[in-house]
file target09.cif (mmCIF, N, CA and C atoms; chains and numbers go by the auth columns)
data_query
#
loop_
_atom_site.group_PDB
_atom_site.id
_atom_site.type_symbol
_atom_site.label_atom_id
_atom_site.label_comp_id
_atom_site.label_asym_id
_atom_site.label_seq_id
_atom_site.Cartn_x
_atom_site.Cartn_y
_atom_site.Cartn_z
_atom_site.B_iso_or_equiv
_atom_site.auth_seq_id
_atom_site.auth_asym_id
ATOM 1 N N MET A 1 150.590 50.816 74.503 0.00 1 A
ATOM 2 C CA MET A 1 150.653 50.365 75.885 0.00 1 A
ATOM 3 C C MET A 1 151.944 50.902 76.488 0.00 1 A
ATOM 4 N N THR A 2 151.818 51.552 77.617 0.00 2 A
ATOM 5 C CA THR A 2 152.993 52.150 78.249 0.00 2 A
ATOM 6 C C THR A 2 153.752 51.109 79.065 0.00 2 A
ATOM 7 N N GLN A 3 154.934 51.505 79.441 0.00 3 A
ATOM 8 C CA GLN A 3 155.773 50.611 80.238 0.00 3 A
ATOM 9 C C GLN A 3 155.139 50.335 81.600 0.00 3 A
ATOM 10 N N GLY A 4 154.471 51.300 82.171 0.00 4 A
ATOM 11 C CA GLY A 4 153.803 51.118 83.452 0.00 4 A
ATOM 12 C C GLY A 4 152.664 50.118 83.368 0.00 4 A
ATOM 13 N N GLN A 5 151.918 50.167 82.262 0.00 5 A
ATOM 14 C CA GLN A 5 150.830 49.213 82.079 0.00 5 A
ATOM 15 C C GLN A 5 151.359 47.794 81.917 0.00 5 A
ATOM 16 N N VAL A 6 152.462 47.661 81.191 0.00 6 A
ATOM 17 C CA VAL A 6 153.065 46.340 81.005 0.00 6 A
ATOM 18 C C VAL A 6 153.565 45.793 82.333 0.00 6 A
ATOM 19 N N MET A 7 154.192 46.635 83.131 0.00 7 A
ATOM 20 C CA MET A 7 154.686 46.193 84.436 0.00 7 A
ATOM 21 C C MET A 7 153.529 45.824 85.364 0.00 7 A
ATOM 22 N N GLU A 8 152.433 46.569 85.294 0.00 8 A
ATOM 23 C CA GLU A 8 151.254 46.238 86.104 0.00 8 A
ATOM 24 C C GLU A 8 150.660 44.898 85.674 0.00 8 A
ATOM 25 N N LEU A 9 150.651 44.643 84.374 0.00 9 A
ATOM 26 C CA LEU A 9 150.162 43.369 83.858 0.00 9 A
ATOM 27 C C LEU A 9 151.040 42.209 84.319 0.00 9 A
ATOM 28 N N PHE A 10 152.353 42.385 84.239 0.00 10 A
ATOM 29 C CA PHE A 10 153.266 41.338 84.713 0.00 10 A
ATOM 30 C C PHE A 10 153.125 41.114 86.213 0.00 10 A
ATOM 31 N N GLN A 11 152.936 42.188 86.957 0.00 11 A
ATOM 32 C CA GLN A 11 152.770 42.056 88.401 0.00 11 A
ATOM 33 C C GLN A 11 151.508 41.271 88.737 0.00 11 A
ATOM 34 N N SER A 12 150.421 41.570 88.050 0.00 12 A
ATOM 35 C CA SER A 12 149.185 40.836 88.330 0.00 12 A
ATOM 36 C C SER A 12 149.291 39.382 87.877 0.00 12 A
ATOM 37 N N ALA A 13 150.013 39.125 86.783 0.00 13 A
ATOM 38 C CA ALA A 13 150.206 37.739 86.334 0.00 13 A
ATOM 39 C C ALA A 13 151.023 36.953 87.352 0.00 13 A
ATOM 40 N N LEU A 14 152.064 37.557 87.887 0.00 14 A
ATOM 41 C CA LEU A 14 152.878 36.880 88.903 0.00 14 A
ATOM 42 C C LEU A 14 152.092 36.653 90.189 0.00 14 A
ATOM 43 N N LEU A 15 151.244 37.603 90.549 0.00 15 A
ATOM 44 C CA LEU A 15 150.430 37.448 91.752 0.00 15 A
ATOM 45 C C LEU A 15 149.432 36.310 91.589 0.00 15 A
ATOM 46 N N VAL A 16 148.811 36.212 90.423 0.00 16 A
ATOM 47 C CA VAL A 16 147.877 35.116 90.166 0.00 16 A
ATOM 48 C C VAL A 16 148.614 33.778 90.176 0.00 16 A
ATOM 49 N N ALA A 17 149.784 33.729 89.551 0.00 17 A
ATOM 50 C CA ALA A 17 150.560 32.488 89.548 0.00 17 A
ATOM 51 C C ALA A 17 150.948 32.078 90.961 0.00 17 A
ATOM 52 N N LEU A 18 151.313 33.043 91.787 0.00 18 A
ATOM 53 C CA LEU A 18 151.665 32.741 93.177 0.00 18 A
ATOM 54 C C LEU A 18 150.463 32.251 93.962 0.00 18 A
ATOM 55 N N LYS A 19 149.303 32.888 93.749 0.00 19 A
ATOM 56 C CA LYS A 19 148.087 32.456 94.444 0.00 19 A
ATOM 57 C C LYS A 19 147.693 31.040 94.062 0.00 19 A
ATOM 58 N N LEU A 20 147.886 30.682 92.806 0.00 20 A
ATOM 59 C CA LEU A 20 147.468 29.357 92.345 0.00 20 A
ATOM 60 C C LEU A 20 148.435 28.258 92.758 0.00 20 A
ATOM 61 N N THR A 21 149.717 28.558 92.801 0.00 21 A
ATOM 62 C CA THR A 21 150.694 27.506 93.079 0.00 21 A
ATOM 63 C C THR A 21 151.062 27.372 94.553 0.00 21 A
ATOM 64 N N ALA A 22 150.842 28.402 95.349 0.00 22 A
ATOM 65 C CA ALA A 22 151.263 28.365 96.754 0.00 22 A
ATOM 66 C C ALA A 22 150.641 27.216 97.541 0.00 22 A
ATOM 67 N N PRO A 23 149.333 26.969 97.446 0.00 23 A
ATOM 68 C CA PRO A 23 148.788 25.847 98.231 0.00 23 A
ATOM 69 C C PRO A 23 149.371 24.496 97.823 0.00 23 A
ATOM 70 N N LEU A 24 149.568 24.306 96.529 0.00 24 A
ATOM 71 C CA LEU A 24 150.131 23.036 96.065 0.00 24 A
ATOM 72 C C LEU A 24 151.572 22.850 96.539 0.00 24 A
ATOM 73 N N LEU A 25 152.352 23.919 96.447 0.00 25 A
ATOM 74 C CA LEU A 25 153.741 23.828 96.889 0.00 25 A
ATOM 75 C C LEU A 25 153.844 23.632 98.397 0.00 25 A
ATOM 76 N N LEU A 26 153.020 24.329 99.141 0.00 26 A
ATOM 77 C CA LEU A 26 153.079 24.202 100.603 0.00 26 A
ATOM 78 C C LEU A 26 152.701 22.800 101.075 0.00 26 A
ATOM 79 N N ILE A 27 151.644 22.231 100.502 0.00 27 A
ATOM 80 C CA ILE A 27 151.249 20.881 100.920 0.00 27 A
ATOM 81 C C ILE A 27 152.318 19.867 100.511 0.00 27 A
ATOM 82 N N SER A 28 152.933 20.086 99.362 0.00 28 A
ATOM 83 C CA SER A 28 153.993 19.188 98.921 0.00 28 A
ATOM 84 C C SER A 28 155.215 19.267 99.842 0.00 28 A
ATOM 85 N N ILE A 29 155.557 20.466 100.262 0.00 29 A
ATOM 86 C CA ILE A 29 156.702 20.645 101.164 0.00 29 A
ATOM 87 C C ILE A 29 156.422 20.006 102.525 0.00 29 A
ATOM 88 N N VAL A 30 155.227 20.218 103.052 0.00 30 A
ATOM 89 C CA VAL A 30 154.878 19.659 104.366 0.00 30 A
ATOM 90 C C VAL A 30 154.887 18.135 104.322 0.00 30 A
ATOM 91 N N ILE A 31 154.296 17.558 103.298 0.00 31 A
ATOM 92 C CA ILE A 31 154.275 16.098 103.189 0.00 31 A
ATOM 93 C C ILE A 31 155.684 15.563 102.981 0.00 31 A
ATOM 94 N N GLY A 32 156.481 16.236 102.181 0.00 32 A
ATOM 95 C CA GLY A 32 157.869 15.819 101.990 0.00 32 A
ATOM 96 C C GLY A 32 158.662 15.833 103.283 0.00 32 A
ATOM 97 N N LEU A 33 158.434 16.856 104.107 0.00 33 A
ATOM 98 C CA LEU A 33 159.133 16.944 105.393 0.00 33 A
ATOM 99 C C LEU A 33 158.703 15.830 106.340 0.00 33 A
ATOM 100 N N VAL A 34 157.395 15.564 106.383 0.00 34 A
ATOM 101 C CA VAL A 34 156.890 14.494 107.262 0.00 34 A
ATOM 102 C C VAL A 34 157.436 13.136 106.817 0.00 34 A
ATOM 103 N N VAL A 35 157.435 12.885 105.524 0.00 35 A
ATOM 104 C CA VAL A 35 157.940 11.607 105.015 0.00 35 A
ATOM 105 C C VAL A 35 159.446 11.500 105.243 0.00 35 A
ATOM 106 N N ALA A 36 160.165 12.594 105.093 0.00 36 A
ATOM 107 C CA ALA A 36 161.611 12.569 105.329 0.00 36 A
ATOM 108 C C ALA A 36 161.924 12.263 106.793 0.00 36 A
ATOM 109 N N ILE A 37 161.162 12.830 107.701 0.00 37 A
ATOM 110 C CA ILE A 37 161.363 12.535 109.125 0.00 37 A
ATOM 111 C C ILE A 37 161.033 11.079 109.405 0.00 37 A
ATOM 112 N N PHE A 38 159.955 10.581 108.814 0.00 38 A
ATOM 113 C CA PHE A 38 159.596 9.169 108.979 0.00 38 A
ATOM 114 C C PHE A 38 160.694 8.249 108.429 0.00 38 A
ATOM 115 N N GLN A 39 161.230 8.596 107.266 0.00 39 A
ATOM 116 C CA GLN A 39 162.292 7.777 106.676 0.00 39 A
ATOM 117 C C GLN A 39 163.557 7.816 107.516 0.00 39 A
ATOM 118 N N ALA A 40 163.874 8.965 108.066 0.00 40 A
ATOM 119 C CA ALA A 40 165.070 9.058 108.909 0.00 40 A
ATOM 120 C C ALA A 40 164.890 8.268 110.200 0.00 40 A
ATOM 121 N N ALA A 41 163.692 8.269 110.731 0.00 41 A
ATOM 122 C CA ALA A 41 163.446 7.559 111.989 0.00 41 A
ATOM 123 C C ALA A 41 163.426 6.049 111.797 0.00 41 A
ATOM 124 N N THR A 42 162.888 5.587 110.673 0.00 42 A
ATOM 125 C CA THR A 42 162.747 4.145 110.461 0.00 42 A
ATOM 126 C C THR A 42 163.833 3.558 109.563 0.00 42 A
ATOM 127 N N GLN A 43 164.636 4.405 108.942 0.00 43 A
ATOM 128 C CA GLN A 43 165.695 4.006 108.011 0.00 43 A
ATOM 129 C C GLN A 43 165.135 3.222 106.821 0.00 43 A
ATOM 130 N N ILE A 44 163.929 3.565 106.420 0.00 44 A
ATOM 131 C CA ILE A 44 163.341 3.015 105.198 0.00 44 A
ATOM 132 C C ILE A 44 163.519 4.073 104.115 0.00 44 A
ATOM 133 N N HIS A 45 164.270 3.749 103.090 0.00 45 A
ATOM 134 C CA HIS A 45 164.552 4.714 102.031 0.00 45 A
ATOM 135 C C HIS A 45 163.990 4.222 100.710 0.00 45 A
ATOM 136 N N GLU A 46 162.691 4.204 100.629 0.00 46 A
ATOM 137 C CA GLU A 46 161.997 3.775 99.420 0.00 46 A
ATOM 138 C C GLU A 46 161.553 5.018 98.651 0.00 46 A
ATOM 139 N N GLN A 47 161.828 5.074 97.349 0.00 47 A
ATOM 140 C CA GLN A 47 161.499 6.243 96.554 0.00 47 A
ATOM 141 C C GLN A 47 159.990 6.470 96.451 0.00 47 A
ATOM 142 N N THR A 48 159.228 5.409 96.333 0.00 48 A
ATOM 143 C CA THR A 48 157.787 5.576 96.180 0.00 48 A
ATOM 144 C C THR A 48 157.133 6.058 97.462 0.00 48 A
ATOM 145 N N LEU A 49 157.819 5.920 98.580 0.00 49 A
ATOM 146 C CA LEU A 49 157.269 6.379 99.853 0.00 49 A
ATOM 147 C C LEU A 49 157.120 7.900 99.868 0.00 49 A
ATOM 148 N N THR A 50 157.965 8.610 99.149 0.00 50 A
ATOM 149 C CA THR A 50 157.837 10.058 99.074 0.00 50 A
ATOM 150 C C THR A 50 156.924 10.482 97.932 0.00 50 A
ATOM 151 N N PHE A 51 156.891 9.714 96.873 0.00 51 A
ATOM 152 C CA PHE A 51 156.147 10.100 95.676 0.00 51 A
ATOM 153 C C PHE A 51 154.639 9.927 95.833 0.00 51 A
ATOM 154 N N VAL A 52 154.216 8.787 96.299 0.00 52 A
ATOM 155 C CA VAL A 52 152.786 8.456 96.341 0.00 52 A
ATOM 156 C C VAL A 52 151.990 9.386 97.265 0.00 52 A
ATOM 157 N N PRO A 53 152.422 9.653 98.493 0.00 53 A
ATOM 158 C CA PRO A 53 151.634 10.568 99.337 0.00 53 A
ATOM 159 C C PRO A 53 151.517 11.977 98.748 0.00 53 A
ATOM 160 N N LYS A 54 152.590 12.459 98.112 0.00 54 A
ATOM 161 C CA LYS A 54 152.529 13.782 97.506 0.00 54 A
ATOM 162 C C LYS A 54 151.535 13.816 96.358 0.00 54 A
ATOM 163 N N VAL A 55 151.557 12.796 95.515 0.00 55 A
ATOM 164 C CA VAL A 55 150.636 12.763 94.378 0.00 55 A
ATOM 165 C C VAL A 55 149.193 12.693 94.861 0.00 55 A
ATOM 166 N N LEU A 56 148.928 11.863 95.857 0.00 56 A
ATOM 167 C CA LEU A 56 147.565 11.753 96.389 0.00 56 A
ATOM 168 C C LEU A 56 147.095 13.060 97.025 0.00 56 A
ATOM 169 N N ALA A 57 147.953 13.687 97.793 0.00 57 A
ATOM 170 C CA ALA A 57 147.570 14.936 98.463 0.00 57 A
ATOM 171 C C ALA A 57 147.339 16.052 97.451 0.00 57 A
ATOM 172 N N ILE A 58 148.191 16.140 96.451 0.00 58 A
ATOM 173 C CA ILE A 58 148.017 17.180 95.435 0.00 58 A
ATOM 174 C C ILE A 58 146.757 16.921 94.616 0.00 58 A
ATOM 175 N N ALA A 59 146.471 15.667 94.305 0.00 59 A
ATOM 176 C CA ALA A 59 145.245 15.345 93.565 0.00 59 A
ATOM 177 C C ALA A 59 144.012 15.723 94.382 0.00 59 A
ATOM 178 N N LEU A 60 144.017 15.413 95.681 0.00 60 A
ATOM 179 C CA LEU A 60 142.886 15.787 96.538 0.00 60 A
ATOM 180 C C LEU A 60 142.749 17.302 96.672 0.00 60 A
ATOM 181 N N LEU A 61 143.883 17.981 96.764 0.00 61 A
ATOM 182 C CA LEU A 61 143.850 19.436 96.859 0.00 61 A
ATOM 183 C C LEU A 61 143.334 20.057 95.565 0.00 61 A
ATOM 184 N N LEU A 62 143.721 19.497 94.439 0.00 62 A
ATOM 185 C CA LEU A 62 143.203 19.998 93.169 0.00 62 A
ATOM 186 C C LEU A 62 141.705 19.760 93.041 0.00 62 A
ATOM 187 N N LEU A 63 141.238 18.621 93.530 0.00 63 A
ATOM 188 C CA LEU A 63 139.796 18.374 93.524 0.00 63 A
ATOM 189 C C LEU A 63 139.056 19.355 94.424 0.00 63 A
ATOM 190 N N ALA A 64 139.631 19.646 95.560 0.00 64 A
ATOM 191 C CA ALA A 64 138.975 20.536 96.515 0.00 64 A
ATOM 192 C C ALA A 64 139.038 21.998 96.082 0.00 64 A
ATOM 193 N N MET A 65 140.156 22.427 95.516 0.00 65 A
ATOM 194 C CA MET A 65 140.349 23.833 95.195 0.00 65 A
ATOM 195 C C MET A 65 140.284 24.134 93.696 0.00 65 A
ATOM 196 N N GLY A 66 139.944 23.146 92.893 0.00 66 A
ATOM 197 C CA GLY A 66 139.962 23.331 91.451 0.00 66 A
ATOM 198 C C GLY A 66 139.019 24.410 90.961 0.00 66 A
ATOM 199 N N SER A 67 137.837 24.491 91.542 0.00 67 A
ATOM 200 C CA SER A 67 136.877 25.505 91.088 0.00 67 A
ATOM 201 C C SER A 67 137.367 26.914 91.442 0.00 67 A
ATOM 202 N N TRP A 68 137.972 27.066 92.618 0.00 68 A
ATOM 203 C CA TRP A 68 138.528 28.366 92.981 0.00 68 A
ATOM 204 C C TRP A 68 139.677 28.736 92.055 0.00 68 A
ATOM 205 N N MET A 69 140.529 27.778 91.742 0.00 69 A
ATOM 206 C CA MET A 69 141.651 28.048 90.846 0.00 69 A
ATOM 207 C C MET A 69 141.155 28.447 89.458 0.00 69 A
ATOM 208 N N MET A 70 140.137 27.745 88.988 0.00 70 A
ATOM 209 C CA MET A 70 139.605 28.049 87.664 0.00 70 A
ATOM 210 C C MET A 70 138.935 29.419 87.632 0.00 70 A
ATOM 211 N N SER A 71 138.215 29.771 88.676 0.00 71 A
ATOM 212 C CA SER A 71 137.577 31.090 88.696 0.00 71 A
ATOM 213 C C SER A 71 138.616 32.205 88.797 0.00 71 A
ATOM 214 N N THR A 72 139.698 31.971 89.526 0.00 72 A
ATOM 215 C CA THR A 72 140.768 32.953 89.612 0.00 72 A
ATOM 216 C C THR A 72 141.414 33.171 88.245 0.00 72 A
ATOM 217 N N MET A 73 141.691 32.077 87.542 0.00 73 A
ATOM 218 C CA MET A 73 142.262 32.205 86.196 0.00 73 A
ATOM 219 C C MET A 73 141.271 32.854 85.241 0.00 73 A
ATOM 220 N N ASP A 74 139.997 32.536 85.373 0.00 74 A
ATOM 221 C CA ASP A 74 138.971 33.122 84.510 0.00 74 A
ATOM 222 C C ASP A 74 138.891 34.629 84.712 0.00 74 A
ATOM 223 N N ASP A 75 138.932 35.065 85.971 0.00 75 A
ATOM 224 C CA ASP A 75 138.914 36.500 86.258 0.00 75 A
ATOM 225 C C ASP A 75 140.130 37.199 85.665 0.00 75 A
ATOM 226 N N PHE A 76 141.298 36.586 85.805 0.00 76 A
ATOM 227 C CA PHE A 76 142.520 37.186 85.274 0.00 76 A
ATOM 228 C C PHE A 76 142.477 37.282 83.754 0.00 76 A
ATOM 229 N N VAL A 77 142.085 36.197 83.101 0.00 77 A
ATOM 230 C CA VAL A 77 142.055 36.191 81.638 0.00 77 A
ATOM 231 C C VAL A 77 140.977 37.139 81.106 0.00 77 A
ATOM 232 N N SER A 78 139.844 37.204 81.776 0.00 78 A
ATOM 233 C CA SER A 78 138.796 38.144 81.363 0.00 78 A
ATOM 234 C C SER A 78 139.295 39.585 81.475 0.00 78 A
ATOM 235 N N GLY A 79 139.972 39.889 82.543 0.00 79 A
ATOM 236 C CA GLY A 79 140.559 41.228 82.688 0.00 79 A
ATOM 237 C C GLY A 79 141.628 41.505 81.648 0.00 79 A
ATOM 238 N N LEU A 80 142.403 40.487 81.322 0.00 80 A
ATOM 239 C CA LEU A 80 143.431 40.624 80.301 0.00 80 A
ATOM 240 C C LEU A 80 142.817 40.909 78.935 0.00 80 A
ATOM 241 N N PHE A 81 141.765 40.172 78.600 0.00 81 A
ATOM 242 C CA PHE A 81 141.094 40.390 77.316 0.00 81 A
ATOM 243 C C PHE A 81 140.428 41.762 77.263 0.00 81 A
ATOM 244 N N THR A 82 139.890 42.213 78.381 0.00 82 A
ATOM 245 C CA THR A 82 139.298 43.538 78.441 0.00 82 A
ATOM 246 C C THR A 82 140.367 44.606 78.210 0.00 82 A
ATOM 247 N N THR A 83 141.530 44.409 78.797 0.00 83 A
ATOM 248 C CA THR A 83 142.636 45.343 78.618 0.00 83 A
ATOM 249 C C THR A 83 143.098 45.347 77.167 0.00 83 A
ATOM 250 N N ILE A 84 143.208 44.178 76.569 0.00 84 A
ATOM 251 C CA ILE A 84 143.644 44.085 75.178 0.00 84 A
ATOM 252 C C ILE A 84 142.615 44.744 74.252 0.00 84 A
ATOM 253 N N ALA A 85 141.318 44.545 74.548 0.00 85 A
ATOM 254 C CA ALA A 85 140.277 45.143 73.721 0.00 85 A
ATOM 255 C C ALA A 85 140.280 46.673 73.837 0.00 85 A
ATOM 256 N N GLY A 86 140.730 47.182 74.958 0.00 86 A
ATOM 257 C CA GLY A 86 140.770 48.634 75.159 0.00 86 A
ATOM 258 C C GLY A 86 141.945 49.309 74.486 0.00 86 A
ATOM 259 N N LEU A 87 142.855 48.552 73.928 0.00 87 A
ATOM 260 C CA LEU A 87 144.031 49.167 73.282 0.00 87 A
ATOM 261 C C LEU A 87 143.687 49.745 71.960 0.00 87 A
#
call {"tool": "encode", "arguments": {"input": "target09.cif", "output": "structure tokens"}}
result
Amino acid sequence: MTQGQVMELFQSALLVALKLTAPLLLISIVIGLVVAIFQAATQIHEQTLTFVPKVLAIALLLLAMGSWMMSTMDDFVSGLFTTIAGL
């Protein structure tokens, strides 16, 4: 396996990781910002107020996008195994 092939493999792995984690991170950031603004406006500083909405939103997002995430990982791993078999 050449250095170029290894770099291409790492690039595709990073791209898949970014595709899978970006929606979860973005929804978490948006909810965190909304809760932080709410806490600053009302002066309620409860730790569970930030934790519970994020967990619920991420769980719902995983339920909604789980099949897409799994198919994306399946495609990547299948391609990886095909590449390994071709060596």
call {"tool": "resolve_selection", "arguments": {"input": "target09.cif", "expression": "the PyMOL selection byres ((chain A and resi 58-74) around 8)", "output": "PDB file with N, CA and C atoms, in the coordinates of the input"}}
result
ATOM      1  N   VAL A  16     148.811  36.212  90.423  1.00  0.00           N
ATOM      2  CA  VAL A  16     147.877  35.116  90.166  1.00  0.00           C
ATOM      3  C   VAL A  16     148.614  33.778  90.176  1.00  0.00           C
ATOM      4  N   LYS A  19     149.303  32.888  93.749  1.00  0.00           N
ATOM      5  CA  LYS A  19     148.087  32.456  94.444  1.00  0.00           C
ATOM      6  C   LYS A  19     147.693  31.040  94.062  1.00  0.00           C
ATOM      7  N   LEU A  20     147.886  30.682  92.806  1.00  0.00           N
ATOM      8  CA  LEU A  20     147.468  29.357  92.345  1.00  0.00           C
ATOM      9  C   LEU A  20     148.435  28.258  92.758  1.00  0.00           C
ATOM     10  N   PRO A  23     149.333  26.969  97.446  1.00  0.00           N
ATOM     11  CA  PRO A  23     148.788  25.847  98.231  1.00  0.00           C
ATOM     12  C   PRO A  23     149.371  24.496  97.823  1.00  0.00           C
ATOM     13  N   LEU A  24     149.568  24.306  96.529  1.00  0.00           N
ATOM     14  CA  LEU A  24     150.131  23.036  96.065  1.00  0.00           C
ATOM     15  C   LEU A  24     151.572  22.850  96.539  1.00  0.00           C
ATOM     16  N   ILE A  27     151.644  22.231 100.502  1.00  0.00           N
ATOM     17  CA  ILE A  27     151.249  20.881 100.920  1.00  0.00           C
ATOM     18  C   ILE A  27     152.318  19.867 100.511  1.00  0.00           C
ATOM     19  N   SER A  28     152.933  20.086  99.362  1.00  0.00           N
ATOM     20  CA  SER A  28     153.993  19.188  98.921  1.00  0.00           C
ATOM     21  C   SER A  28     155.215  19.267  99.842  1.00  0.00           C
ATOM     22  N   VAL A  52     154.216   8.787  96.299  1.00  0.00           N
ATOM     23  CA  VAL A  52     152.786   8.456  96.341  1.00  0.00           C
ATOM     24  C   VAL A  52     151.990   9.386  97.265  1.00  0.00           C
ATOM     25  N   PRO A  53     152.422   9.653  98.493  1.00  0.00           N
ATOM     26  CA  PRO A  53     151.634  10.568  99.337  1.00  0.00           C
ATOM     27  C   PRO A  53     151.517  11.977  98.748  1.00  0.00           C
ATOM     28  N   LYS A  54     152.590  12.459  98.112  1.00  0.00           N
ATOM     29  CA  LYS A  54     152.529  13.782  97.506  1.00  0.00           C
ATOM     30  C   LYS A  54     151.535  13.816  96.358  1.00  0.00           C
ATOM     31  N   VAL A  55     151.557  12.796  95.515  1.00  0.00           N
ATOM     32  CA  VAL A  55     150.636  12.763  94.378  1.00  0.00           C
ATOM     33  C   VAL A  55     149.193  12.693  94.861  1.00  0.00           C
ATOM     34  N   LEU A  56     148.928  11.863  95.857  1.00  0.00           N
ATOM     35  CA  LEU A  56     147.565  11.753  96.389  1.00  0.00           C
ATOM     36  C   LEU A  56     147.095  13.060  97.025  1.00  0.00           C
ATOM     37  N   ALA A  57     147.953  13.687  97.793  1.00  0.00           N
ATOM     38  CA  ALA A  57     147.570  14.936  98.463  1.00  0.00           C
ATOM     39  C   ALA A  57     147.339  16.052  97.451  1.00  0.00           C
ATOM     40  N   ASP A  75     138.932  35.065  85.971  1.00  0.00           N
ATOM     41  CA  ASP A  75     138.914  36.500  86.258  1.00  0.00           C
ATOM     42  C   ASP A  75     140.130  37.199  85.665  1.00  0.00           C
ATOM     43  N   PHE A  76     141.298  36.586  85.805  1.00  0.00           N
ATOM     44  CA  PHE A  76     142.520  37.186  85.274  1.00  0.00           C
ATOM     45  C   PHE A  76     142.477  37.282  83.754  1.00  0.00           C
ATOM     46  N   VAL A  77     142.085  36.197  83.101  1.00  0.00           N
ATOM     47  CA  VAL A  77     142.055  36.191  81.638  1.00  0.00           C
ATOM     48  C   VAL A  77     140.977  37.139  81.106  1.00  0.00           C
ATOM     49  N   SER A  78     139.844  37.204  81.776  1.00  0.00           N
ATOM     50  CA  SER A  78     138.796  38.144  81.363  1.00  0.00           C
ATOM     51  C   SER A  78     139.295  39.585  81.475  1.00  0.00           C
ATOM     52  N   GLY A  79     139.972  39.889  82.543  1.00  0.00           N
ATOM     53  CA  GLY A  79     140.559  41.228  82.688  1.00  0.00           C
ATOM     54  C   GLY A  79     141.628  41.505  81.648  1.00  0.00           C
ATOM     55  N   LEU A  80     142.403  40.487  81.322  1.00  0.00           N
ATOM     56  CA  LEU A  80     143.431  40.624  80.301  1.00  0.00           C
ATOM     57  C   LEU A  80     142.817  40.909  78.935  1.00  0.00           C
TER      58      LEU A  80
END
call {"tool": "atom_distance", "arguments": {"input": "target09.cif", "atom1": "atom C of Ile37 (chain A)", "atom2": "atom N of Leu49 (chain A)"}}
result
12.4 Å
call {"tool": "atom_distance", "arguments": {"input": "target09.cif", "atom1": "atom C of Met7 (chain A)", "atom2": "CA of Leu26 (chain A)"}}
result
26.5 Å
call {"tool": "decode", "arguments": {"input": "target09.cif", "residues": "region 45-58 of chain A", "atoms": "N, CA and C atoms", "output": "compact mmCIF listing (two decimals), in the first residue's frame"}}
result
# COMPACT_ATOMS: atom_id res chain seq x y z
N HIS A 45 -29.64 28.94 37.18
CA HIS A 45 -28.41 28.24 36.82
C HIS A 45 -28.45 26.81 37.35
N GLU A 46 -29.31 26.03 36.76
CA GLU A 46 -29.46 24.63 37.14
C GLU A 46 -28.70 23.77 36.12
N GLN A 47 -27.87 22.84 36.58
CA GLN A 47 -27.07 22.03 35.69
C GLN A 47 -27.92 21.12 34.81
N THR A 48 -28.98 20.57 35.35
CA THR A 48 -29.79 19.65 34.57
C THR A 48 -30.57 20.37 33.48
N LEU A 49 -30.71 21.68 33.60
CA LEU A 49 -31.42 22.45 32.59
C LEU A 49 -30.68 22.42 31.25
N THR A 50 -29.37 22.30 31.28
CA THR A 50 -28.60 22.21 30.04
C THR A 50 -28.45 20.77 29.58
N PHE A 51 -28.41 19.84 30.51
CA PHE A 51 -28.14 18.45 30.19
C PHE A 51 -29.34 17.74 29.56
N VAL A 52 -30.48 17.87 30.16
CA VAL A 52 -31.66 17.10 29.74
C VAL A 52 -32.12 17.46 28.32
N PRO A 53 -32.25 18.73 27.95
CA PRO A 53 -32.67 19.02 26.56
C PRO A 53 -31.68 18.50 25.51
N LYS A 54 -30.38 18.58 25.82
CA LYS A 54 -29.40 18.07 24.87
C LYS A 54 -29.52 16.57 24.70
N VAL A 55 -29.68 15.85 25.80
CA VAL A 55 -29.79 14.39 25.71
C VAL A 55 -31.04 14.00 24.94
N LEU A 56 -32.16 14.66 25.21
CA LEU A 56 -33.40 14.35 24.49
C LEU A 56 -33.28 14.65 23.00
N ALA A 57 -32.71 15.78 22.67
CA ALA A 57 -32.58 16.16 21.25
C ALA A 57 -31.64 15.22 20.51
N ILE A 58 -30.54 14.86 21.14
CA ILE A 58 -29.60 13.95 20.49
C ILE A 58 -30.21 12.56 20.34
